[in-house]
>>> print(open('run27.txt').read())   # compact mmCIF, N, CA and C atoms and all ligand atoms
# COMPACT_ATOMS: atom_id res chain seq x y z
N MET Q 1131 24.19 39.36 -47.75
CA MET Q 1131 24.20 39.83 -49.14
C MET Q 1131 23.54 41.21 -49.21
N LYS Q 1132 24.26 42.17 -49.76
CA LYS Q 1132 23.70 43.52 -49.82
C LYS Q 1132 23.47 43.99 -51.24
N THR Q 1133 24.21 43.40 -52.16
CA THR Q 1133 24.04 43.80 -53.55
C THR Q 1133 23.91 42.57 -54.44
N VAL Q 1134 23.40 42.81 -55.62
CA VAL Q 1134 23.31 41.74 -56.62
C VAL Q 1134 23.91 42.29 -57.91
N ARG Q 1135 24.19 41.41 -58.84
CA ARG Q 1135 24.51 41.91 -60.18
C ARG Q 1135 23.51 41.25 -61.11
N HIS Q 1136 23.25 41.91 -62.22
CA HIS Q 1136 22.24 41.40 -63.13
C HIS Q 1136 22.91 40.82 -64.36
N GLU Q 1137 22.24 39.90 -64.98
CA GLU Q 1137 22.76 39.30 -66.20
C GLU Q 1137 21.59 39.09 -67.14
N PHE Q 1138 21.70 39.67 -68.34
CA PHE Q 1138 20.67 39.47 -69.34
C PHE Q 1138 20.96 38.15 -70.06
N VAL Q 1139 19.98 37.27 -70.07
CA VAL Q 1139 20.16 35.96 -70.69
C VAL Q 1139 18.95 35.66 -71.57
N GLU Q 1140 19.10 34.66 -72.41
CA GLU Q 1140 17.92 34.23 -73.16
C GLU Q 1140 17.13 33.22 -72.32
N TYR Q 1141 17.85 32.22 -71.81
CA TYR Q 1141 17.23 31.22 -70.95
C TYR Q 1141 17.79 31.35 -69.55
N ILE Q 1142 16.94 31.16 -68.57
CA ILE Q 1142 17.39 31.16 -67.18
C ILE Q 1142 18.19 29.87 -66.97
N PRO Q 1143 19.43 29.97 -66.48
CA PRO Q 1143 20.22 28.74 -66.29
C PRO Q 1143 19.63 27.85 -65.21
N GLU Q 1144 19.97 26.57 -65.26
CA GLU Q 1144 19.44 25.64 -64.26
C GLU Q 1144 20.04 25.90 -62.90
N GLU Q 1145 21.35 26.21 -62.90
CA GLU Q 1145 22.02 26.51 -61.64
C GLU Q 1145 22.11 28.02 -61.51
N LEU Q 1146 21.47 28.57 -60.51
CA LEU Q 1146 21.51 30.02 -60.33
C LEU Q 1146 22.66 30.37 -59.40
N GLU Q 1147 23.52 31.24 -59.89
CA GLU Q 1147 24.64 31.68 -59.05
C GLU Q 1147 24.08 32.65 -58.02
N LYS Q 1148 24.54 32.50 -56.77
CA LYS Q 1148 24.03 33.39 -55.73
C LYS Q 1148 24.47 34.83 -56.01
N GLY Q 1149 23.56 35.74 -55.81
CA GLY Q 1149 23.87 37.15 -56.00
C GLY Q 1149 23.73 37.64 -57.43
N VAL Q 1150 23.22 36.76 -58.30
CA VAL Q 1150 23.01 37.17 -59.69
C VAL Q 1150 21.51 37.15 -60.01
N VAL Q 1151 21.06 38.24 -60.59
CA VAL Q 1151 19.67 38.30 -61.03
C VAL Q 1151 19.67 38.06 -62.54
N TYR Q 1152 19.08 36.95 -62.95
CA TYR Q 1152 19.03 36.61 -64.38
C TYR Q 1152 17.76 37.17 -64.99
N ILE Q 1153 17.92 37.83 -66.11
CA ILE Q 1153 16.78 38.47 -66.76
C ILE Q 1153 16.64 37.94 -68.18
N SER Q 1154 15.50 37.33 -68.45
CA SER Q 1154 15.20 36.91 -69.82
C SER Q 1154 14.09 37.80 -70.35
N VAL Q 1155 14.49 38.77 -71.17
CA VAL Q 1155 13.50 39.68 -71.74
C VAL Q 1155 12.62 38.90 -72.72
N ALA Q 1156 13.25 37.99 -73.46
CA ALA Q 1156 12.52 37.21 -74.46
C ALA Q 1156 11.35 36.45 -73.84
N TYR Q 1157 11.55 35.92 -72.64
CA TYR Q 1157 10.49 35.14 -72.00
C TYR Q 1157 9.80 35.87 -70.87
N GLY Q 1158 10.18 37.12 -70.67
CA GLY Q 1158 9.52 37.93 -69.63
C GLY Q 1158 9.66 37.33 -68.24
N ILE Q 1159 10.84 36.85 -67.95
CA ILE Q 1159 11.02 36.22 -66.64
C ILE Q 1159 12.34 36.64 -66.00
N VAL Q 1160 12.29 36.84 -64.70
CA VAL Q 1160 13.48 37.19 -63.94
C VAL Q 1160 13.62 36.13 -62.85
N ALA Q 1161 14.83 35.63 -62.65
CA ALA Q 1161 15.02 34.62 -61.62
C ALA Q 1161 16.32 34.87 -60.87
N HIS Q 1162 16.32 34.56 -59.59
CA HIS Q 1162 17.55 34.66 -58.80
C HIS Q 1162 17.47 33.68 -57.64
N SER Q 1163 18.59 33.42 -57.04
CA SER Q 1163 18.64 32.55 -55.88
C SER Q 1163 18.33 33.44 -54.67
N CYS Q 1164 17.45 32.97 -53.81
CA CYS Q 1164 16.96 33.79 -52.68
C CYS Q 1164 18.11 34.55 -52.01
N CYS Q 1165 17.91 35.83 -51.81
CA CYS Q 1165 18.97 36.70 -51.30
C CYS Q 1165 19.35 36.42 -49.84
N CYS Q 1166 18.59 35.60 -49.16
CA CYS Q 1166 18.97 35.27 -47.78
C CYS Q 1166 20.09 34.24 -47.78
N GLY Q 1167 20.29 33.61 -48.96
CA GLY Q 1167 21.36 32.62 -49.05
C GLY Q 1167 20.86 31.19 -48.88
N CYS Q 1168 19.54 31.02 -48.74
CA CYS Q 1168 18.99 29.67 -48.52
C CYS Q 1168 19.05 28.81 -49.78
N GLY Q 1169 19.29 29.44 -50.92
CA GLY Q 1169 19.46 28.68 -52.16
C GLY Q 1169 18.18 28.39 -52.91
N MET Q 1170 17.05 28.83 -52.39
CA MET Q 1170 15.78 28.61 -53.10
C MET Q 1170 15.73 29.50 -54.33
N GLU Q 1171 15.13 28.98 -55.39
CA GLU Q 1171 15.04 29.75 -56.64
C GLU Q 1171 13.81 30.64 -56.60
N VAL Q 1172 14.05 31.91 -56.81
CA VAL Q 1172 12.95 32.87 -56.82
C VAL Q 1172 12.69 33.28 -58.26
N SER Q 1173 11.47 33.02 -58.70
CA SER Q 1173 11.11 33.36 -60.06
C SER Q 1173 10.07 34.47 -60.04
N THR Q 1174 10.37 35.56 -60.72
CA THR Q 1174 9.45 36.70 -60.72
C THR Q 1174 9.07 37.03 -62.16
N PRO Q 1175 7.92 36.54 -62.61
CA PRO Q 1175 7.50 36.83 -63.98
C PRO Q 1175 7.22 38.32 -64.18
N LEU Q 1176 7.53 38.80 -65.37
CA LEU Q 1176 7.26 40.20 -65.69
C LEU Q 1176 5.93 40.28 -66.42
N SER Q 1177 5.01 41.02 -65.87
CA SER Q 1177 3.72 41.25 -66.53
C SER Q 1177 3.06 42.44 -65.86
N PRO Q 1178 2.04 43.00 -66.50
CA PRO Q 1178 1.38 44.16 -65.88
C PRO Q 1178 0.81 43.87 -64.50
N THR Q 1179 0.57 42.57 -64.20
CA THR Q 1179 0.01 42.26 -62.88
C THR Q 1179 1.01 41.51 -62.00
N ASP Q 1180 2.23 41.31 -62.51
CA ASP Q 1180 3.23 40.66 -61.67
C ASP Q 1180 4.34 41.67 -61.35
N TRP Q 1181 5.57 41.38 -61.78
CA TRP Q 1181 6.66 42.30 -61.46
C TRP Q 1181 7.00 43.19 -62.64
N LYS Q 1182 7.57 44.32 -62.30
CA LYS Q 1182 8.05 45.25 -63.31
C LYS Q 1182 9.55 45.40 -63.10
N LEU Q 1183 10.27 45.44 -64.21
CA LEU Q 1183 11.71 45.56 -64.15
C LEU Q 1183 12.10 46.94 -64.68
N THR Q 1184 12.96 47.59 -63.95
CA THR Q 1184 13.50 48.87 -64.43
C THR Q 1184 14.99 48.68 -64.66
N TYR Q 1185 15.45 49.07 -65.82
CA TYR Q 1185 16.87 48.99 -66.14
C TYR Q 1185 17.32 50.37 -66.56
N ASP Q 1186 18.26 50.93 -65.81
CA ASP Q 1186 18.68 52.30 -66.11
C ASP Q 1186 20.00 52.32 -66.89
N GLY Q 1187 20.38 51.17 -67.43
CA GLY Q 1187 21.62 51.11 -68.19
C GLY Q 1187 22.78 50.63 -67.34
N GLU Q 1188 22.64 50.73 -66.02
CA GLU Q 1188 23.70 50.27 -65.12
C GLU Q 1188 23.21 49.26 -64.11
N SER Q 1189 22.00 49.48 -63.67
CA SER Q 1189 21.48 48.59 -62.62
C SER Q 1189 20.00 48.33 -62.84
N ILE Q 1190 19.52 47.33 -62.15
CA ILE Q 1190 18.10 46.97 -62.31
C ILE Q 1190 17.36 47.14 -60.98
N SER Q 1191 16.05 47.32 -61.11
CA SER Q 1191 15.18 47.37 -59.95
C SER Q 1191 13.97 46.51 -60.26
N LEU Q 1192 13.46 45.86 -59.24
CA LEU Q 1192 12.25 45.07 -59.41
C LEU Q 1192 11.16 45.66 -58.52
N TYR Q 1193 9.99 45.73 -59.07
CA TYR Q 1193 8.86 46.25 -58.30
C TYR Q 1193 7.69 45.32 -58.48
N PRO Q 1194 6.93 44.96 -57.50
CA PRO Q 1194 7.07 45.33 -56.08
C PRO Q 1194 8.14 44.50 -55.37
N SER Q 1195 8.05 44.43 -54.06
CA SER Q 1195 9.06 43.71 -53.28
C SER Q 1195 8.92 42.20 -53.50
N ILE Q 1196 9.94 41.50 -53.08
CA ILE Q 1196 9.94 40.04 -53.24
C ILE Q 1196 9.68 39.41 -51.88
N GLY Q 1197 8.56 38.78 -51.77
CA GLY Q 1197 8.19 38.15 -50.50
C GLY Q 1197 8.16 36.64 -50.68
N ASN Q 1198 9.14 35.98 -50.10
CA ASN Q 1198 9.24 34.52 -50.27
C ASN Q 1198 8.47 33.79 -49.18
N TRP Q 1199 7.16 34.04 -49.17
CA TRP Q 1199 6.31 33.49 -48.11
C TRP Q 1199 6.24 31.97 -48.17
N ASN Q 1200 6.47 31.41 -49.35
CA ASN Q 1200 6.36 29.96 -49.49
C ASN Q 1200 7.63 29.22 -49.09
N PHE Q 1201 8.69 29.97 -48.85
CA PHE Q 1201 9.94 29.33 -48.44
C PHE Q 1201 10.01 29.34 -46.92
N SER Q 1202 10.83 28.42 -46.38
CA SER Q 1202 10.92 28.39 -44.92
C SER Q 1202 11.60 29.65 -44.40
N CYS Q 1203 12.45 30.29 -45.23
CA CYS Q 1203 13.14 31.52 -44.76
C CYS Q 1203 12.18 32.71 -44.66
N LYS Q 1204 11.11 32.69 -45.44
CA LYS Q 1204 10.10 33.76 -45.47
C LYS Q 1204 10.74 35.16 -45.61
N SER Q 1205 11.83 35.22 -46.36
CA SER Q 1205 12.52 36.51 -46.50
C SER Q 1205 11.70 37.46 -47.37
N HIS Q 1206 11.92 38.71 -47.15
CA HIS Q 1206 11.16 39.77 -47.82
C HIS Q 1206 12.10 40.94 -48.08
N TYR Q 1207 12.29 41.27 -49.34
CA TYR Q 1207 13.23 42.35 -49.66
C TYR Q 1207 12.88 43.04 -50.98
N TRP Q 1208 13.48 44.17 -51.14
CA TRP Q 1208 13.35 44.93 -52.38
C TRP Q 1208 14.68 44.83 -53.12
N ILE Q 1209 14.63 44.79 -54.42
CA ILE Q 1209 15.86 44.92 -55.21
C ILE Q 1209 15.75 46.25 -55.93
N THR Q 1210 16.55 47.19 -55.50
CA THR Q 1210 16.51 48.54 -56.07
C THR Q 1210 17.92 48.92 -56.47
N ASN Q 1211 18.12 49.22 -57.74
CA ASN Q 1211 19.43 49.59 -58.27
C ASN Q 1211 20.51 48.61 -57.82
N ASN Q 1212 20.22 47.35 -58.01
CA ASN Q 1212 21.13 46.25 -57.66
C ASN Q 1212 21.47 46.18 -56.18
N ARG Q 1213 20.72 46.85 -55.36
CA ARG Q 1213 20.92 46.78 -53.91
C ARG Q 1213 19.75 46.04 -53.29
N ILE Q 1214 20.06 45.28 -52.26
CA ILE Q 1214 18.99 44.58 -51.56
C ILE Q 1214 18.61 45.38 -50.33
N LYS Q 1215 17.34 45.70 -50.28
CA LYS Q 1215 16.85 46.39 -49.09
C LYS Q 1215 15.95 45.41 -48.37
N TRP Q 1216 16.35 45.02 -47.19
CA TRP Q 1216 15.55 44.05 -46.45
C TRP Q 1216 14.31 44.72 -45.90
N ALA Q 1217 13.21 44.04 -46.09
CA ALA Q 1217 11.94 44.58 -45.60
C ALA Q 1217 11.50 43.73 -44.42
N GLY Q 1218 10.61 44.26 -43.66
CA GLY Q 1218 10.14 43.52 -42.49
C GLY Q 1218 9.36 42.29 -42.89
N GLN Q 1219 9.33 41.32 -41.99
CA GLN Q 1219 8.53 40.13 -42.28
C GLN Q 1219 7.07 40.47 -42.08
N TRP Q 1220 6.26 39.85 -42.91
CA TRP Q 1220 4.83 40.11 -42.82
C TRP Q 1220 4.17 39.06 -41.93
N SER Q 1221 3.16 39.49 -41.24
CA SER Q 1221 2.38 38.55 -40.43
C SER Q 1221 1.51 37.72 -41.38
N ALA Q 1222 0.99 36.61 -40.89
CA ALA Q 1222 0.14 35.74 -41.71
C ALA Q 1222 -1.05 36.52 -42.26
N THR Q 1223 -1.61 37.41 -41.44
CA THR Q 1223 -2.77 38.20 -41.88
C THR Q 1223 -2.37 39.13 -43.03
N LYS Q 1224 -1.22 39.76 -42.88
CA LYS Q 1224 -0.78 40.70 -43.90
C LYS Q 1224 -0.51 39.96 -45.21
N ILE Q 1225 0.07 38.77 -45.12
CA ILE Q 1225 0.35 37.98 -46.32
C ILE Q 1225 -0.97 37.66 -47.03
N LYS Q 1226 -1.96 37.25 -46.25
CA LYS Q 1226 -3.27 36.91 -46.81
C LYS Q 1226 -3.89 38.13 -47.49
N GLU Q 1227 -3.81 39.26 -46.81
CA GLU Q 1227 -4.35 40.51 -47.37
C GLU Q 1227 -3.67 40.84 -48.68
N GLY Q 1228 -2.36 40.71 -48.68
CA GLY Q 1228 -1.57 41.00 -49.88
C GLY Q 1228 -1.96 40.10 -51.03
N GLN Q 1229 -2.16 38.81 -50.73
CA GLN Q 1229 -2.53 37.86 -51.77
C GLN Q 1229 -3.92 38.16 -52.31
N GLN Q 1230 -4.83 38.59 -51.42
CA GLN Q 1230 -6.17 38.93 -51.87
C GLN Q 1230 -6.15 40.16 -52.75
N GLN Q 1231 -5.35 41.13 -52.35
CA GLN Q 1231 -5.21 42.36 -53.13
C GLN Q 1231 -4.69 42.04 -54.53
N GLU Q 1232 -3.72 41.13 -54.58
CA GLU Q 1232 -3.10 40.74 -55.84
C GLU Q 1232 -4.14 40.07 -56.75
N LYS Q 1233 -4.95 39.19 -56.16
CA LYS Q 1233 -6.01 38.50 -56.89
C LYS Q 1233 -6.99 39.52 -57.47
N TYR Q 1234 -7.36 40.49 -56.63
CA TYR Q 1234 -8.31 41.52 -57.03
C TYR Q 1234 -7.74 42.33 -58.19
N GLU Q 1235 -6.48 42.74 -58.07
CA GLU Q 1235 -5.84 43.54 -59.12
C GLU Q 1235 -5.79 42.78 -60.43
N LYS Q 1236 -5.53 41.48 -60.35
CA LYS Q 1236 -5.49 40.65 -61.55
C LYS Q 1236 -6.86 40.60 -62.19
N ALA Q 1237 -7.89 40.40 -61.38
CA ALA Q 1237 -9.26 40.31 -61.89
C ALA Q 1237 -9.64 41.61 -62.59
N VAL Q 1238 -9.32 42.74 -61.96
CA VAL Q 1238 -9.64 44.05 -62.54
C VAL Q 1238 -8.91 44.22 -63.87
N TYR Q 1239 -7.65 43.82 -63.89
CA TYR Q 1239 -6.84 43.96 -65.10
C TYR Q 1239 -7.45 43.17 -66.25
N TYR Q 1240 -7.84 41.92 -65.99
CA TYR Q 1240 -8.37 41.09 -67.07
C TYR Q 1240 -9.76 41.55 -67.51
N GLU Q 1241 -10.55 42.11 -66.58
CA GLU Q 1241 -11.85 42.66 -66.95
C GLU Q 1241 -11.66 43.84 -67.91
N LYS Q 1242 -10.70 44.70 -67.57
CA LYS Q 1242 -10.41 45.88 -68.40
C LYS Q 1242 -9.94 45.44 -69.77
N LYS Q 1243 -9.12 44.39 -69.79
CA LYS Q 1243 -8.58 43.90 -71.05
C LYS Q 1243 -9.71 43.38 -71.93
N LYS Q 1244 -10.64 42.68 -71.28
CA LYS Q 1244 -11.79 42.14 -72.00
C LYS Q 1244 -12.60 43.28 -72.61
N ALA Q 1245 -12.82 44.32 -71.82
CA ALA Q 1245 -13.63 45.47 -72.26
C ALA Q 1245 -12.97 46.13 -73.46
N LYS Q 1246 -11.64 46.04 -73.50
CA LYS Q 1246 -10.91 46.69 -74.59
C LYS Q 1246 -10.79 45.78 -75.81
N ALA Q 1247 -11.36 44.59 -75.73
CA ALA Q 1247 -11.25 43.64 -76.85
C ALA Q 1247 -11.69 44.34 -78.14
N SER Q 1248 -11.01 44.03 -79.20
CA SER Q 1248 -11.27 44.73 -80.46
C SER Q 1248 -12.69 44.47 -80.95
N LYS Q 1249 -13.18 45.36 -81.81
CA LYS Q 1249 -14.53 45.27 -82.34
C LYS Q 1249 -14.72 43.92 -83.04
N GLY Q 1250 -13.71 43.53 -83.78
CA GLY Q 1250 -13.76 42.27 -84.51
C GLY Q 1250 -14.03 41.10 -83.58
N GLU Q 1251 -13.33 41.10 -82.45
CA GLU Q 1251 -13.51 40.02 -81.48
C GLU Q 1251 -14.93 40.03 -80.95
N ARG Q 1252 -15.47 41.23 -80.70
CA ARG Q 1252 -16.83 41.33 -80.16
C ARG Q 1252 -17.84 40.84 -81.18
N GLU Q 1253 -17.61 41.23 -82.46
CA GLU Q 1253 -18.51 40.78 -83.51
C GLU Q 1253 -18.52 39.27 -83.62
N LEU Q 1254 -17.33 38.70 -83.47
CA LEU Q 1254 -17.20 37.25 -83.53
C LEU Q 1254 -18.01 36.61 -82.40
N LEU Q 1255 -17.93 37.24 -81.22
CA LEU Q 1255 -18.67 36.75 -80.05
C LEU Q 1255 -20.17 36.79 -80.34
N GLU Q 1256 -20.63 37.92 -80.90
CA GLU Q 1256 -22.06 38.09 -81.22
C GLU Q 1256 -22.49 37.02 -82.20
N ALA Q 1257 -21.66 36.80 -83.22
CA ALA Q 1257 -21.99 35.83 -84.26
C ALA Q 1257 -22.15 34.44 -83.65
N THR Q 1258 -21.25 34.07 -82.74
CA THR Q 1258 -21.37 32.74 -82.12
C THR Q 1258 -22.64 32.66 -81.30
N LYS Q 1259 -22.99 33.78 -80.66
CA LYS Q 1259 -24.20 33.79 -79.84
C LYS Q 1259 -25.42 33.54 -80.74
N GLU Q 1260 -25.47 34.28 -81.86
CA GLU Q 1260 -26.60 34.14 -82.78
C GLU Q 1260 -26.70 32.73 -83.31
N GLU Q 1261 -25.55 32.19 -83.63
CA GLU Q 1261 -25.51 30.83 -84.17
C GLU Q 1261 -26.12 29.85 -83.17
N SER Q 1262 -25.75 30.00 -81.91
CA SER Q 1262 -26.28 29.07 -80.92
C SER Q 1262 -27.79 29.27 -80.77
N CYS Q 1263 -28.28 30.51 -80.98
CA CYS Q 1263 -29.71 30.78 -80.90
C CYS Q 1263 -30.45 30.03 -82.00
N THR Q 1264 -29.92 30.18 -83.23
CA THR Q 1264 -30.61 29.55 -84.36
C THR Q 1264 -30.59 28.04 -84.23
N SER Q 1265 -29.48 27.50 -83.76
CA SER Q 1265 -29.46 26.04 -83.64
C SER Q 1265 -30.45 25.60 -82.57
N ALA Q 1266 -30.63 26.42 -81.54
CA ALA Q 1266 -31.62 26.09 -80.51
C ALA Q 1266 -33.01 26.12 -81.14
N ASN Q 1267 -33.26 27.12 -82.01
CA ASN Q 1267 -34.56 27.20 -82.71
C ASN Q 1267 -34.76 25.97 -83.57
N GLY Q 1268 -33.70 25.57 -84.20
CA GLY Q 1268 -33.76 24.39 -85.07
C GLY Q 1268 -34.27 23.18 -84.31
N ILE Q 1269 -33.72 23.03 -83.13
CA ILE Q 1269 -34.15 21.89 -82.30
C ILE Q 1269 -35.63 22.03 -81.96
N TRP Q 1270 -36.04 23.26 -81.67
CA TRP Q 1270 -37.43 23.55 -81.30
C TRP Q 1270 -38.37 23.19 -82.45
N VAL Q 1271 -37.98 23.56 -83.66
CA VAL Q 1271 -38.81 23.27 -84.84
C VAL Q 1271 -38.94 21.75 -85.00
N LYS Q 1272 -37.82 21.06 -84.86
CA LYS Q 1272 -37.83 19.60 -84.98
C LYS Q 1272 -38.76 18.98 -83.94
N MET Q 1273 -38.72 19.53 -82.74
CA MET Q 1273 -39.53 18.99 -81.66
C MET Q 1273 -41.01 19.20 -81.94
N LYS Q 1274 -41.32 20.41 -82.51
CA LYS Q 1274 -42.72 20.70 -82.82
C LYS Q 1274 -43.23 19.72 -83.88
N LYS Q 1275 -42.36 19.51 -84.88
CA LYS Q 1275 -42.73 18.59 -85.97
C LYS Q 1275 -43.01 17.20 -85.39
N TRP Q 1276 -42.13 16.80 -84.52
CA TRP Q 1276 -42.26 15.48 -83.90
C TRP Q 1276 -43.58 15.42 -83.11
N PHE Q 1277 -43.91 16.50 -82.45
CA PHE Q 1277 -45.11 16.60 -81.63
C PHE Q 1277 -46.37 16.45 -82.48
N PHE Q 1278 -46.36 17.17 -83.64
CA PHE Q 1278 -47.55 17.14 -84.50
C PHE Q 1278 -47.68 15.81 -85.24
N ASN Q 1279 -46.56 15.11 -85.38
CA ASN Q 1279 -46.60 13.83 -86.07
C ASN Q 1279 -47.16 12.73 -85.19
N LEU Q 1280 -47.26 13.00 -83.93
CA LEU Q 1280 -47.75 11.96 -83.01
C LEU Q 1280 -49.23 11.65 -83.26
ZN ZN R 1301 15.76 32.45 -48.50
>>> encode(input="run27.txt", output="structure tokens", more="lines below")
Ligand SMILES: [Zn+2]
Amino acid sequence: MKTVRHEFVEYIPEELEKGVVYISVAYGIVAHSCCCGCGMEVSTPLSPTDWKLTYDGESISLYPSIGNWNFSCKSHYWITNNRIKWAGQWSATKIKEGQQQEKYEKAVYYEKKKAKASKGERELLEATKEESCTSANGIWVKMKKWFFNL
């Protein structure tokens, strides 16, 4: 298989036709049957930390590459302008490194997102913190009272 065709859908069909890349913009998901022909379903979610889809009006590209390390075929390829570019197989070490890098990038992304949380959200956080402080004080006062009543 050297090329694929893309199909914009609302829902990813249960049976994936080989050589078709199904794209659900509504659900931010892209799925296709493994390009090696093994028939395994490859699902590539679209998100800032997962895959990015480029559509130029005629063809699609997915970034980064698709590495099916969990399948027995362990195929690895790029989909660029509806063409499949086969990439080299990764060694176990490289796969592990890649997965760690991905984890790290996700962690950084979510930290940044948290830092950007709106002022309102932060105020809400502060308010909950204060509330828990006062309730802790409340318990302390009750305990003191109990102590002096002894
Ligand atoms: Zn495969």
>>> residues_near_ligand(input="run27.txt", ligand="ligand ZN 1301 (chain R)", cutoff="5 Å", atoms="all atoms listed in the file", output="number ranges by chain")
Q: 1164, 1166-1168, 1203
>>> atom_distance(input="run27.txt", atom1="atom C of Leu1146 (chain Q)", atom2="CA of Ser1163 (chain Q)")
5.8 Å
>>> residues_near_point(input="run27.txt", point="(23.0, 36.0, -62.8)", cutoff="6.5 Å", atoms="all atoms listed in the file", output="list of chain:residue names")
Q:Arg1135, Q:His1136, Q:Glu1137, Q:Glu1147, Q:Gly1149, Q:Val1150, Q:Val1151, Q:Tyr1152, Q:Ile1153
>>> write_last_selection(input="run27.txt", atoms="N, CA and C atoms", output="CSV table (one decimal), in the coordinates of the input")
chain,number,residue,atom,x,y,z
Q,1135,ARG,N,24.2,41.4,-58.8
Q,1135,ARG,CA,24.5,41.9,-60.2
Q,1135,ARG,C,23.5,41.2,-61.1
Q,1136,HIS,N,23.2,41.9,-62.2
Q,1136,HIS,CA,22.2,41.4,-63.1
Q,1136,HIS,C,22.9,40.8,-64.4
Q,1137,GLU,N,22.2,39.9,-65.0
Q,1137,GLU,CA,22.8,39.3,-66.2
Q,1137,GLU,C,21.6,39.1,-67.1
Q,1147,GLU,N,23.5,31.2,-59.9
Q,1147,GLU,CA,24.6,31.7,-59.0
Q,1147,GLU,C,24.1,32.6,-58.0
Q,1149,GLY,N,23.6,35.7,-55.8
Q,1149,GLY,CA,23.9,37.2,-56.0
Q,1149,GLY,C,23.7,37.6,-57.4
Q,1150,VAL,N,23.2,36.8,-58.3
Q,1150,VAL,CA,23.0,37.2,-59.7
Q,1150,VAL,C,21.5,37.2,-60.0
Q,1151,VAL,N,21.1,38.2,-60.6
Q,1151,VAL,CA,19.7,38.3,-61.0
Q,1151,VAL,C,19.7,38.1,-62.5
Q,1152,TYR,N,19.1,37.0,-63.0
Q,1152,TYR,CA,19.0,36.6,-64.4
Q,1152,TYR,C,17.8,37.2,-65.0
Q,1153,ILE,N,17.9,37.8,-66.1
Q,1153,ILE,CA,16.8,38.5,-66.8
Q,1153,ILE,C,16.6,37.9,-68.2
>>> atom_distance(input="run27.txt", atom1="atom N of Ser1177 (chain Q)", atom2="atom C of Ala1245 (chain Q)")
20.2 Å
>>> residues_around(input="run27.txt", residues="Thr1179 (chain Q)", least_positions_apart="6", cutoff="8 Å", atoms="only N, CA and C atoms", output="NGL selection string")
:Q and (1232 or 1235-1236 or 1239)
>>> closest_residue(input="run27.txt", among="Q:His1162, Q:Pro1194, Q:Thr1174, Q:Glu1241", to="Gly1228 (chain Q)", atoms="only C-alpha atoms")
Q:Pro1194
>>> closest_residue(input="run27.txt", among="Q:Lys1246, Q:Tyr1141, Q:Ala1222, Q:Arg1252", to="Tyr1157 (chain Q)", atoms="all atoms listed in the file")
Q:Tyr1141
>>> build_atoms(input="run27.txt", residues="region 1208-1218 of chain Q", atoms="N, CA, C and O atoms", output="CSV table (one decimal), in the coordinates of the input")
chain,number,residue,atom,x,y,z
Q,1208,TRP,N,13.5,44.2,-51.1
Q,1208,TRP,CA,13.4,44.9,-52.4
Q,1208,TRP,C,14.7,44.8,-53.1
Q,1208,TRP,O,15.7,44.8,-52.5
Q,1209,ILE,N,14.6,44.8,-54.4
Q,1209,ILE,CA,15.9,44.9,-55.2
Q,1209,ILE,C,15.8,46.2,-55.9
Q,1209,ILE,O,14.9,46.4,-56.8
Q,1210,THR,N,16.6,47.2,-55.5
Q,1210,THR,CA,16.5,48.5,-56.1
Q,1210,THR,C,17.9,48.9,-56.5
Q,1210,THR,O,18.8,48.9,-55.6
Q,1211,ASN,N,18.1,49.2,-57.7
Q,1211,ASN,CA,19.4,49.6,-58.3
Q,1211,ASN,C,20.5,48.6,-57.8
Q,1211,ASN,O,21.6,49.0,-57.3
Q,1212,ASN,N,20.2,47.4,-58.0
Q,1212,ASN,CA,21.1,46.2,-57.7
Q,1212,ASN,C,21.5,46.2,-56.2
Q,1212,ASN,O,22.4,45.5,-55.8
Q,1213,ARG,N,20.7,46.8,-55.4
Q,1213,ARG,CA,20.9,46.8,-53.9
Q,1213,ARG,C,19.8,46.0,-53.3
Q,1213,ARG,O,18.6,46.2,-53.7
Q,1214,ILE,N,20.1,45.3,-52.3
Q,1214,ILE,CA,19.0,44.6,-51.6
Q,1214,ILE,C,18.6,45.4,-50.3
Q,1214,ILE,O,19.5,45.7,-49.5
Q,1215,LYS,N,17.3,45.7,-50.3
Q,1215,LYS,CA,16.8,46.4,-49.1
Q,1215,LYS,C,16.0,45.4,-48.4
Q,1215,LYS,O,14.9,45.0,-48.9
Q,1216,TRP,N,16.4,45.0,-47.2
Q,1216,TRP,CA,15.6,44.0,-46.4
Q,1216,TRP,C,14.3,44.7,-45.9
Q,1216,TRP,O,14.4,45.8,-45.4
Q,1217,ALA,N,13.2,44.0,-46.1
Q,1217,ALA,CA,11.9,44.6,-45.6
Q,1217,ALA,C,11.5,43.7,-44.4
Q,1217,ALA,O,12.0,42.6,-44.2
Q,1218,GLY,N,10.6,44.3,-43.7
Q,1218,GLY,CA,10.1,43.5,-42.5
Q,1218,GLY,C,9.4,42.3,-42.9
Q,1218,GLY,O,8.8,42.2,-44.0
